[in-house]
>>> print(open('run34.cif').read())   # mmCIF, C-alpha atoms
data_data
loop_
_atom_site.group_PDB
_atom_site.id
_atom_site.type_symbol
_atom_site.label_atom_id
_atom_site.label_comp_id
_atom_site.auth_asym_id
_atom_site.auth_seq_id
_atom_site.Cartn_x
_atom_site.Cartn_y
_atom_site.Cartn_z
ATOM 1 C CA MET A 1 0.000 0.000 0.000
ATOM 2 C CA ASN A 2 1.213 3.526 -0.782
ATOM 3 C CA LYS A 3 3.147 5.053 2.137
ATOM 4 C CA GLN A 4 4.066 8.339 0.464
ATOM 5 C CA PHE A 5 1.581 10.419 2.498
ATOM 6 C CA ILE A 6 3.290 9.128 5.674
ATOM 7 C CA TYR A 7 6.738 10.088 4.426
ATOM 8 C CA ASP A 8 5.434 13.523 3.426
ATOM 9 C CA TYR A 9 4.122 14.081 6.951
ATOM 10 C CA LEU A 10 7.376 12.881 8.576
ATOM 11 C CA SER A 11 9.732 14.647 6.180
ATOM 12 C CA SER A 12 10.776 17.433 8.581
ATOM 13 C CA PHE A 13 11.157 15.201 11.670
ATOM 14 C CA VAL A 14 14.477 13.643 12.694
ATOM 15 C CA PHE A 15 14.661 10.094 14.092
ATOM 16 C CA GLN A 16 17.648 8.096 15.339
ATOM 17 C CA ASN A 17 16.627 5.178 13.172
ATOM 18 C CA ARG A 18 13.977 4.414 10.550
ATOM 19 C CA ILE A 19 13.363 0.860 9.356
ATOM 20 C CA GLU A 20 10.858 -0.505 6.859
ATOM 21 C CA LYS A 21 9.575 -3.982 7.628
ATOM 22 C CA ASN A 22 6.457 -5.830 6.397
ATOM 23 C CA ASN A 23 4.807 -2.626 5.130
ATOM 24 C CA GLU A 24 5.537 -0.911 8.462
ATOM 25 C CA ILE A 25 7.738 2.078 9.217
ATOM 26 C CA ILE A 26 9.504 1.679 12.575
ATOM 27 C CA LEU A 27 10.833 4.909 14.073
ATOM 28 C CA SER A 28 13.337 4.979 16.940
ATOM 29 C CA ILE A 29 13.552 7.988 19.271
ATOM 30 C CA LYS A 30 16.170 8.841 21.884
ATOM 31 C CA SER A 31 16.184 11.741 24.316
ATOM 32 C CA ALA A 32 18.884 14.381 23.920
ATOM 33 C CA SER A 33 20.256 13.447 27.360
ATOM 34 C CA ALA A 34 20.220 9.714 26.445
ATOM 35 C CA GLU A 35 17.925 9.078 29.435
ATOM 36 C CA GLY A 36 15.227 7.025 27.771
ATOM 37 C CA ASP A 37 13.967 6.106 24.345
ATOM 38 C CA GLY A 38 10.857 5.383 22.366
ATOM 39 C CA GLU A 39 9.547 3.541 19.345
ATOM 40 C CA ILE A 40 6.659 4.287 17.008
ATOM 41 C CA THR A 41 5.391 1.840 14.398
ATOM 42 C CA ILE A 42 3.332 3.281 11.539
ATOM 43 C CA LYS A 43 1.613 1.389 8.756
ATOM 44 C CA PRO A 44 -0.887 2.416 6.063
ATOM 45 C CA VAL A 45 -4.179 0.586 6.546
ATOM 46 C CA LEU A 46 -6.367 2.360 3.961
ATOM 47 C CA PRO A 47 -5.587 4.934 1.250
ATOM 48 C CA GLY A 48 -4.737 8.119 3.159
ATOM 49 C CA ILE A 49 -5.047 6.500 6.625
ATOM 50 C CA ALA A 50 -2.187 5.101 8.738
ATOM 51 C CA LEU A 51 -2.313 3.379 12.117
ATOM 52 C CA SER A 52 0.419 4.036 14.690
ATOM 53 C CA ASN A 53 1.406 2.290 17.892
ATOM 54 C CA GLY A 54 3.910 4.057 20.084
ATOM 55 C CA THR A 55 5.665 3.755 23.428
ATOM 56 C CA LEU A 56 7.720 6.652 24.797
ATOM 57 C CA ASN A 57 9.902 5.974 27.835
ATOM 58 C CA LEU A 58 11.495 9.406 28.024
ATOM 59 C CA LYS A 59 10.738 12.892 29.265
ATOM 60 C CA SER A 60 10.647 14.717 25.936
ATOM 61 C CA CYS A 61 10.813 14.096 22.193
ATOM 62 C CA TYR A 62 9.643 17.524 21.034
ATOM 63 C CA GLN A 63 10.921 18.807 17.685
ATOM 64 C CA ARG A 64 10.262 22.144 15.992
ATOM 65 C CA ALA A 65 9.193 20.458 12.779
ATOM 66 C CA GLU A 66 7.249 21.993 9.921
ATOM 67 C CA ARG A 67 3.624 20.833 9.976
ATOM 68 C CA LYS A 68 2.243 19.603 6.659
ATOM 69 C CA HIS A 69 -1.062 20.882 5.279
ATOM 70 C CA GLY A 70 -4.180 18.691 5.176
ATOM 71 C CA TYR A 71 -3.636 16.105 7.942
ATOM 72 C CA ILE A 72 -5.684 15.131 10.986
ATOM 73 C CA GLU A 73 -4.198 13.120 13.856
ATOM 74 C CA ILE A 74 -6.387 11.237 16.345
ATOM 75 C CA VAL A 75 -4.514 9.900 19.385
ATOM 76 C CA PHE A 76 -5.832 7.510 22.033
ATOM 77 C CA ALA A 77 -3.782 7.343 25.255
ATOM 78 C CA LYS A 78 -3.386 3.770 26.499
ATOM 79 C CA GLU A 79 -1.014 4.469 29.398
ATOM 80 C CA GLY A 80 0.655 7.462 31.012
ATOM 81 C CA SER A 81 0.202 11.055 29.902
ATOM 82 C CA TYR A 82 1.477 13.586 27.364
ATOM 83 C CA GLU A 83 1.795 17.321 27.901
ATOM 84 C CA THR A 84 1.751 20.223 25.448
ATOM 85 C CA LEU A 85 2.574 23.875 26.101
ATOM 86 C CA GLU A 86 0.668 26.338 23.911
ATOM 87 C CA ASN A 87 1.907 29.894 23.299
ATOM 88 C CA ASN A 88 4.246 29.520 26.295
ATOM 89 C CA SER A 89 1.307 30.051 28.645
ATOM 90 C CA SER A 90 -1.324 27.284 28.938
ATOM 91 C CA VAL A 91 -0.668 23.576 29.408
ATOM 92 C CA LYS A 92 -2.861 20.713 28.155
ATOM 93 C CA PHE A 93 -2.604 17.009 28.912
ATOM 94 C CA ILE A 94 -3.861 13.823 27.342
ATOM 95 C CA SER A 95 -3.824 11.001 29.886
ATOM 96 C CA SER A 96 -4.843 7.355 30.053
ATOM 97 C CA GLY A 97 -8.276 6.792 28.460
ATOM 98 C CA ASP A 98 -8.380 10.197 26.705
ATOM 99 C CA THR A 99 -8.597 10.900 22.976
ATOM 100 C CA ALA A 100 -7.004 13.962 21.357
ATOM 101 C CA ILE A 101 -7.800 15.304 17.877
ATOM 102 C CA SER A 102 -5.627 17.864 16.122
ATOM 103 C CA SER A 103 -5.343 19.343 12.640
ATOM 104 C CA SER A 104 -1.955 19.998 11.054
ATOM 105 C CA ASP A 105 -3.386 23.276 9.732
ATOM 106 C CA THR A 106 -3.924 24.765 13.213
ATOM 107 C CA PHE A 107 -1.770 22.711 15.609
ATOM 108 C CA LYS A 108 0.886 25.047 17.017
ATOM 109 C CA ILE A 109 2.694 24.253 20.255
ATOM 110 C CA SER A 110 5.862 25.698 21.769
ATOM 111 C CA ALA A 111 6.934 22.566 23.692
ATOM 112 C CA SER A 112 5.815 19.106 24.744
ATOM 113 C CA ARG A 113 6.933 16.454 27.222
ATOM 114 C CA VAL A 114 6.076 13.126 28.848
ATOM 115 C CA PRO A 115 5.751 14.154 32.520
ATOM 116 C CA SER A 116 5.846 10.667 34.054
ATOM 117 C CA GLY A 117 8.466 9.392 31.593
ATOM 118 C CA HIS A 118 6.073 6.834 30.078
ATOM 119 C CA PHE A 119 3.384 7.185 27.417
ATOM 120 C CA LYS A 120 1.723 4.493 25.302
ATOM 121 C CA MET A 121 -0.693 5.321 22.487
ATOM 122 C CA ILE A 122 -2.669 4.214 19.456
ATOM 123 C CA SER A 123 -3.211 6.843 16.779
ATOM 124 C CA LEU A 124 -4.568 7.427 13.301
ATOM 125 C CA LEU A 125 -2.794 9.732 10.854
ATOM 126 C CA ILE A 126 -5.260 10.867 8.188
ATOM 127 C CA LYS A 127 -4.492 12.618 4.917
ATOM 128 C CA THR A 128 -7.819 14.434 4.665
ATOM 129 C CA GLU A 129 -8.427 14.612 0.916
ATOM 130 C CA GLU A 130 -7.243 11.092 0.103
ATOM 131 C CA ALA A 131 -8.995 9.396 3.037
ATOM 132 C CA GLU A 132 -12.294 11.202 2.490
ATOM 133 C CA LYS A 133 -12.448 9.908 -1.085
ATOM 134 C CA THR A 134 -11.952 6.321 0.151
ATOM 135 C CA LEU A 135 -14.627 6.623 2.836
ATOM 136 C CA LYS A 136 -17.203 8.291 0.571
ATOM 137 C CA GLU A 137 -16.819 5.547 -2.024
ATOM 138 C CA THR A 138 -17.409 2.916 0.661
ATOM 139 C CA PHE A 139 -20.178 4.698 2.626
ATOM 140 C CA PRO A 140 -21.860 7.099 0.162
ATOM 141 C CA ILE A 141 -24.920 7.756 2.349
ATOM 142 C CA LEU A 142 -22.985 8.567 5.561
ATOM 143 C CA ASP A 143 -21.764 12.028 6.485
ATOM 144 C CA LEU A 144 -18.059 11.266 6.972
ATOM 145 C CA SER A 145 -16.678 14.637 5.961
ATOM 146 C CA LEU A 146 -13.119 14.959 7.249
ATOM 147 C CA GLN A 147 -13.138 18.604 6.253
ATOM 148 C CA ASN A 148 -16.067 19.170 8.621
ATOM 149 C CA LEU A 149 -14.111 17.402 11.369
ATOM 150 C CA SER A 150 -11.137 19.643 10.661
ATOM 151 C CA ASN A 151 -13.405 22.709 10.844
ATOM 152 C CA ASP A 152 -14.820 21.520 14.196
ATOM 153 C CA ILE A 153 -11.367 21.699 15.749
ATOM 154 C CA MET A 154 -10.158 24.740 13.805
ATOM 155 C CA ASP A 155 -10.312 27.107 16.774
ATOM 156 C CA ASN A 156 -8.381 24.764 19.058
ATOM 157 C CA ASP A 157 -4.847 23.438 18.821
ATOM 158 C CA VAL A 158 -6.021 20.179 20.390
ATOM 159 C CA VAL A 159 -9.537 18.970 21.227
ATOM 160 C CA ILE A 160 -9.517 16.471 24.088
ATOM 161 C CA ILE A 161 -12.301 13.968 24.807
ATOM 162 C CA ARG A 162 -11.984 12.639 28.337
ATOM 163 C CA GLY A 163 -12.331 8.932 29.153
ATOM 164 C CA SER A 164 -14.767 7.826 26.438
ATOM 165 C CA THR A 165 -15.283 4.055 26.762
ATOM 166 C CA LYS A 166 -16.854 3.983 23.279
ATOM 167 C CA LEU A 167 -13.776 5.527 21.662
ATOM 168 C CA CYS A 168 -11.516 3.232 23.679
ATOM 169 C CA HIS A 169 -13.399 0.164 22.409
ATOM 170 C CA ILE A 170 -13.327 1.374 18.794
ATOM 171 C CA PHE A 171 -9.583 2.049 18.877
ATOM 172 C CA TYR A 172 -8.846 -1.439 20.203
ATOM 173 C CA GLU A 173 -11.081 -2.915 17.485
ATOM 174 C CA ILE A 174 -9.216 -0.922 14.814
ATOM 175 C CA GLU A 175 -5.886 -2.102 16.203
ATOM 176 C CA LYS A 176 -7.069 -5.720 16.226
ATOM 177 C CA ASN A 177 -8.518 -5.771 12.689
ATOM 178 C CA THR A 178 -5.909 -4.034 10.538
ATOM 179 C CA GLU A 179 -5.799 -6.980 8.101
ATOM 180 C CA LYS A 180 -9.595 -7.169 7.654
ATOM 181 C CA ASN A 181 -10.164 -4.439 5.107
ATOM 182 C CA ASP A 182 -13.993 -4.205 5.126
ATOM 183 C CA LEU A 183 -14.264 -4.422 8.930
ATOM 184 C CA LEU A 184 -11.483 -1.870 9.308
ATOM 185 C CA LYS A 185 -13.333 0.621 7.083
ATOM 186 C CA LEU A 186 -16.471 0.069 9.157
ATOM 187 C CA LYS A 187 -14.616 0.684 12.432
ATOM 188 C CA ILE A 188 -12.972 3.867 11.146
ATOM 189 C CA ALA A 189 -16.379 5.127 9.950
ATOM 190 C CA GLU A 190 -17.767 4.292 13.415
ATOM 191 C CA LEU A 191 -14.903 6.217 15.015
ATOM 192 C CA LEU A 192 -15.558 9.333 12.913
ATOM 193 C CA ILE A 193 -19.288 9.249 13.668
ATOM 194 C CA GLU A 194 -18.620 8.872 17.404
ATOM 195 C CA LEU A 195 -16.085 11.712 17.315
ATOM 196 C CA LYS A 196 -18.670 13.946 15.660
ATOM 197 C CA ASN A 197 -21.124 13.122 18.481
ATOM 198 C CA GLU A 198 -18.634 13.624 21.312
ATOM 199 C CA ILE A 199 -16.622 16.548 20.020
ATOM 200 C CA ARG A 200 -19.479 18.973 20.747
ATOM 201 C CA ASP A 201 -19.146 18.204 24.454
ATOM 202 C CA ALA A 202 -15.354 17.836 24.457
ATOM 203 C CA GLU A 203 -13.360 19.838 26.976
ATOM 204 C CA LYS A 204 -11.946 22.240 24.402
ATOM 205 C CA ASP A 205 -10.587 24.544 27.092
ATOM 206 C CA PHE A 206 -9.348 21.806 29.439
ATOM 207 C CA GLN A 207 -6.006 23.375 30.228
ATOM 208 C CA PHE A 208 -3.998 24.539 33.217
ATOM 209 C CA SER A 209 -1.897 27.596 33.897
ATOM 210 C CA LYS A 210 1.846 27.094 34.296
ATOM 211 C CA ALA A 211 1.491 28.052 37.980
ATOM 212 C CA VAL A 212 -1.074 25.263 38.638
ATOM 213 C CA VAL A 213 1.120 22.720 36.849
ATOM 214 C CA GLU A 214 4.242 23.756 38.767
ATOM 215 C CA ARG A 215 2.486 23.541 42.169
ATOM 216 C CA THR A 216 1.020 20.150 41.260
ATOM 217 C CA ARG A 217 4.497 18.895 40.367
ATOM 218 C CA ARG A 218 5.801 20.144 43.708
ATOM 219 C CA CYS A 219 2.976 18.246 45.393
ATOM 220 C CA TYR A 220 3.992 15.076 43.521
ATOM 221 C CA SER A 221 7.644 15.460 44.591
ATOM 222 C CA PHE A 222 6.508 16.030 48.188
ATOM 223 C CA LEU A 223 4.416 12.834 48.175
ATOM 224 C CA LEU A 224 7.319 10.781 46.815
ATOM 225 C CA LYS A 225 9.400 11.791 49.846
ATOM 226 C CA ASN A 226 6.700 11.195 52.493
ATOM 227 C CA THR A 227 5.061 7.948 53.560
ATOM 228 C CA ARG A 228 2.031 9.490 55.267
ATOM 229 C CA HIS A 229 -1.324 9.580 53.434
ATOM 230 C CA TYR A 230 -2.586 13.160 52.947
ATOM 231 C CA THR A 231 -6.115 14.268 52.092
ATOM 232 C CA SER A 232 -6.618 16.394 48.991
ATOM 233 C CA LYS A 233 -7.763 19.205 51.329
ATOM 234 C CA GLU A 234 -4.462 19.090 53.252
ATOM 235 C CA LEU A 235 -2.451 19.096 50.034
ATOM 236 C CA SER A 236 -4.479 21.856 48.424
ATOM 237 C CA GLU A 237 -3.903 24.073 51.464
ATOM 238 C CA LYS A 238 -0.187 23.241 51.607
ATOM 239 C CA PHE A 239 0.406 24.016 47.920
ATOM 240 C CA LYS A 240 -2.169 26.849 47.660
ATOM 241 C CA LEU A 241 -4.357 25.182 45.026
ATOM 242 C CA ALA A 242 -8.092 24.632 44.781
ATOM 243 C CA GLU A 243 -8.872 20.969 45.548
ATOM 244 C CA THR A 244 -10.570 20.479 42.173
ATOM 245 C CA SER A 245 -7.626 21.982 40.285
ATOM 246 C CA LEU A 246 -5.153 19.828 42.197
ATOM 247 C CA ARG A 247 -7.090 16.595 41.586
ATOM 248 C CA GLU A 248 -7.734 17.321 37.906
ATOM 249 C CA CYS A 249 -4.192 18.491 37.171
ATOM 250 C CA PHE A 250 -2.606 15.572 39.071
ATOM 251 C CA LYS A 251 -4.691 13.028 37.115
ATOM 252 C CA SER A 252 -3.860 14.768 33.832
ATOM 253 C CA ILE A 253 -0.106 14.901 34.469
ATOM 254 C CA TYR A 254 0.463 11.490 36.019
ATOM 255 C CA GLY A 255 -2.425 9.488 34.540
ATOM 256 C CA ILE A 256 -3.684 8.332 37.952
ATOM 257 C CA PRO A 257 -6.038 9.918 40.517
ATOM 258 C CA LEU A 258 -4.330 11.557 43.500
ATOM 259 C CA GLY A 259 -5.920 9.207 46.058
ATOM 260 C CA LYS A 260 -5.134 6.070 44.059
ATOM 261 C CA PHE A 261 -1.542 7.207 43.598
ATOM 262 C CA GLN A 262 -1.090 7.528 47.360
ATOM 263 C CA LYS A 263 -2.703 4.131 48.043
ATOM 264 C CA GLU A 264 -0.501 2.374 45.487
ATOM 265 C CA LYS A 265 2.590 4.157 46.823
ATOM 266 C CA THR A 266 1.717 2.960 50.353
ATOM 267 C CA ILE A 267 1.429 -0.651 49.162
ATOM 268 C CA ARG A 268 4.730 -0.504 47.275
ATOM 269 C CA GLU A 269 6.348 0.866 50.434
ATOM 270 C CA ALA A 270 4.902 -2.143 52.327
ATOM 271 C CA ALA A 271 6.442 -4.488 49.733
ATOM 272 C CA ARG A 272 9.778 -2.712 50.224
ATOM 273 C CA LEU A 273 9.544 -3.296 53.982
ATOM 274 C CA LEU A 274 8.970 -6.993 53.317
ATOM 275 C CA ASP A 275 12.004 -7.005 51.036
ATOM 276 C CA GLU A 276 14.090 -5.644 53.903
ATOM 277 C CA ASP A 277 12.587 -7.831 56.653
ATOM 278 C CA SER A 278 10.421 -10.828 55.695
ATOM 279 C CA SER A 279 9.877 -11.671 59.382
ATOM 280 C CA ILE A 280 7.521 -8.685 59.876
ATOM 281 C CA SER A 281 3.933 -9.852 60.528
ATOM 282 C CA ILE A 282 1.164 -9.061 58.039
ATOM 283 C CA GLN A 283 -0.870 -7.488 60.852
ATOM 284 C CA ARG A 284 2.027 -5.173 61.737
ATOM 285 C CA LEU A 285 2.572 -4.362 58.052
ATOM 286 C CA ALA A 286 -1.104 -3.468 57.635
ATOM 287 C CA SER A 287 -0.956 -1.236 60.703
ATOM 288 C CA VAL A 288 2.133 0.742 59.615
ATOM 289 C CA SER A 289 0.515 1.111 56.169
ATOM 290 C CA GLY A 290 -2.501 2.809 57.743
ATOM 291 C CA TYR A 291 -4.966 -0.106 57.437
ATOM 292 C CA GLU A 292 -7.014 -1.060 60.481
ATOM 293 C CA ASN A 293 -8.415 -4.082 58.640
ATOM 294 C CA GLN A 294 -5.862 -6.741 57.653
ATOM 295 C CA SER A 295 -8.082 -8.296 54.984
ATOM 296 C CA LYS A 296 -8.539 -4.925 53.248
ATOM 297 C CA PHE A 297 -4.779 -4.426 53.310
ATOM 298 C CA SER A 298 -4.216 -7.901 51.826
ATOM 299 C CA ALA A 299 -6.751 -7.228 49.045
ATOM 300 C CA ALA A 300 -5.115 -3.884 48.235
ATOM 301 C CA PHE A 301 -1.649 -5.478 48.268
ATOM 302 C CA LYS A 302 -2.695 -8.203 45.819
ATOM 303 C CA ARG A 303 -4.375 -5.657 43.546
ATOM 304 C CA VAL A 304 -1.171 -3.583 43.268
ATOM 305 C CA ILE A 305 1.613 -6.194 43.565
ATOM 306 C CA GLY A 306 -0.191 -9.146 41.954
ATOM 307 C CA VAL A 307 0.132 -11.586 44.871
ATOM 308 C CA SER A 308 -1.072 -11.536 48.465
ATOM 309 C CA PRO A 309 1.319 -10.293 51.181
ATOM 310 C CA ILE A 310 1.556 -13.851 52.562
ATOM 311 C CA GLN A 311 2.597 -15.195 49.130
ATOM 312 C CA TYR A 312 5.076 -12.337 48.742
ATOM 313 C CA LYS A 313 6.440 -12.979 52.245
ATOM 314 C CA ARG A 314 6.867 -16.729 51.559
ATOM 315 C CA LYS A 315 8.810 -16.050 48.372
ATOM 316 C CA LYS A 316 11.191 -13.849 50.348
ATOM 317 C CA GLU A 317 11.604 -16.518 53.046
ATOM 318 C CA LEU A 318 12.553 -19.312 50.606
ATOM 319 C CA PRO A 319 16.225 -20.269 51.029
ATOM 320 C CA LEU A 320 18.529 -19.969 48.055
ATOM 321 C CA GLU A 321 19.058 -23.372 46.459
ATOM 322 C CA GLY A 322 22.600 -24.626 47.051
ATOM 323 C CA PRO A 323 24.669 -26.871 44.790
ATOM 324 C CA ARG A 324 23.119 -30.267 44.233
ATOM 325 C CA GLN A 325 24.779 -33.348 45.707
ATOM 326 C CA GLN A 326 26.193 -35.759 43.157
#
>>> encode(input="run34.cif", output="structure tokens")
Amino acid sequence: MNKQFIYDYLSSFVFQNRIEKNNEIILSIKSASAEGDGEITIKPVLPGIALSNGTLNLKSCYQRAERKHGYIEIVFAKEGSYETLENNSSVKFISSGDTAISSSDTFKISASRVPSGHFKMISLLIKTEEAEKTLKETFPILDLSLQNLSNDIMDNDVVIIRGSTKLCHIFYEIEKNTEKNDLLKLKIAELLIELKNEIRDAEKDFQFSKAVVERTRRCYSFLLKNTRHYTSKELSEKFKLAETSLRECFKSIYGIPLGKFQKEKTIREAARLLDEDSSISIQRLASVSGYENQSKFSAAFKRVIGVSPIQYKRKKELPLEGPRQQ
């Protein structure tokens, strides 16, 4: 299948490595400081439409590249979060479960980064004119105008749809059926129709000031250094933020609710204590972790670590196997 529209879009970007394999383009990314890397795989699935899968394990991969005319990019965040800075003033995030739509004709950002150092995505790169012709030939009675979609997001650098389970399901179906041409066309048509329905209610102005982002990051650093569980009210007062702003910004930056982050951190600290001293009782471990109920602690431990604290404790108590006797 013709990949030229992909190469046209990527022509002003620089990658450490670019490999073609089985109709796929595999792009390797490394951070300037060599602390992390990433890989994006792109393949054309229909005329004018390419599917991408990407994992970024780095803080930033931003490039001041020239944007090509006539493209739409639709990104679904599978894990982690991604941050963009617009006009050096307002910050937007796409985090786990969110969908972002942008047009190459209006998308202008001054910087971007991966705040937690990890971001996993599925995305569609659409060459508007070419893709619209394909879709209209297949579904002549449906209103699948990509130009209308582009116009809907014209006044916004990025339109973000928060946590849509329908869009999540459709993206996974697209990813799973890339070799089934007719079904793939149907799923992409379904995606465009659902976007049209949801984009009206999308949080077009869901953004944070640089001051809110900076205070939220300070809150995150503070929590990493302290074992105590803090309420959102305590943290909002300490860092001079409205509770709602703190919760929303924290979830957007780190891809996890503030309360859940603290609970998971507490459990991982309990696992660390078991690593250091496997003789500690589960009851004592639950108590120092702030749980009055041992069974609730055990359930939370298994949910985060994958095994119960007793199973984890037994693994730590197993003696190392010595040399076998002949």
>>> closest_residue(input="run34.cif", among="A:Asp143, A:Glu173, A:Glu83, A:Asp105", to="Val213 (chain A)", atoms="all atoms listed in the file")
A:Glu83
>>> resolve_selection(input="run34.cif", expression="the PyMOL selection byres ((chain A and resi 68) around 12)", output="ChimeraX atom specification")
/A:5-13,65-67,69-73,103-108,125-128
>>> residues_around(input="run34.cif", residues="region 227-242 of chain A", least_positions_apart="4", cutoff="8 Å", atoms="all atoms listed in the file", output="PDB file with C-alpha atoms, in the coordinates of the input")
ATOM      1  CA  VAL A 212      -1.074  25.263  38.638  1.00  0.00           C
ATOM      2  CA  ARG A 215       2.486  23.541  42.169  1.00  0.00           C
ATOM      3  CA  THR A 216       1.020  20.150  41.260  1.00  0.00           C
ATOM      4  CA  ARG A 218       5.801  20.144  43.708  1.00  0.00           C
ATOM      5  CA  CYS A 219       2.976  18.246  45.393  1.00  0.00           C
ATOM      6  CA  LEU A 223       4.416  12.834  48.175  1.00  0.00           C
ATOM      7  CA  LEU A 246      -5.153  19.828  42.197  1.00  0.00           C
ATOM      8  CA  ARG A 247      -7.090  16.595  41.586  1.00  0.00           C
ATOM      9  CA  LEU A 258      -4.330  11.557  43.500  1.00  0.00           C
ATOM     10  CA  GLY A 259      -5.920   9.207  46.058  1.00  0.00           C
ATOM     11  CA  GLN A 262      -1.090   7.528  47.360  1.00  0.00           C
ATOM     12  CA  LYS A 263      -2.703   4.131  48.043  1.00  0.00           C
ATOM     13  CA  THR A 266       1.717   2.960  50.353  1.00  0.00           C
ATOM     14  CA  GLU A 269       6.348   0.866  50.434  1.00  0.00           C
TER      15      GLU A 269
END
>>> residues_near_point(input="run34.cif", point="(-1.8, 18.6, 24.4)", cutoff="7 Å", atoms="all atoms listed in the file", output="NGL selection string")
:A and (82-84 or 92-94 or 158)
>>> atom_distance(input="run34.cif", atom1="CA of Arg268 (chain A)", atom2="CA of Pro309 (chain A)")
11.1 Å
>>> resolve_selection(input="run34.cif", expression="the PyMOL selection byres ((chain A and resi 33-49) around 8)", output="PyMOL selection string")
chain A and resi 1-3+5-6+23-32+50-59+124-131+134+178-179+181+185
>>> resolve_selection(input="run34.cif", expression="the PyMOL selection byres ((chain A and resi 119) around 9)", output="PyMOL selection string")
chain A and resi 54-58+77-82+95-96+114-118+120-121
>>> residues_around(input="run34.cif", residues="Ser289 (chain A)", least_positions_apart="2", cutoff="7 Å", atoms="all atoms listed in the file", output="JSON, numbers by chain")
{"A": [266, 270, 285, 286, 287, 291]}
>>> atom_distance(input="run34.cif", atom1="CA of Lys251 (chain A)", atom2="CA of Gly97 (chain A)")
11.3 Å
>>> atom_distance(input="run34.cif", atom1="CA of Tyr220 (chain A)", atom2="CA of Glu264 (chain A)")
13.6 Å
>>> closest_residue(input="run34.cif", among="A:Ser221, A:Asn177, A:Ser112, A:Ser123", to="Ile74 (chain A)", atoms="only C-alpha atoms")
A:Ser123
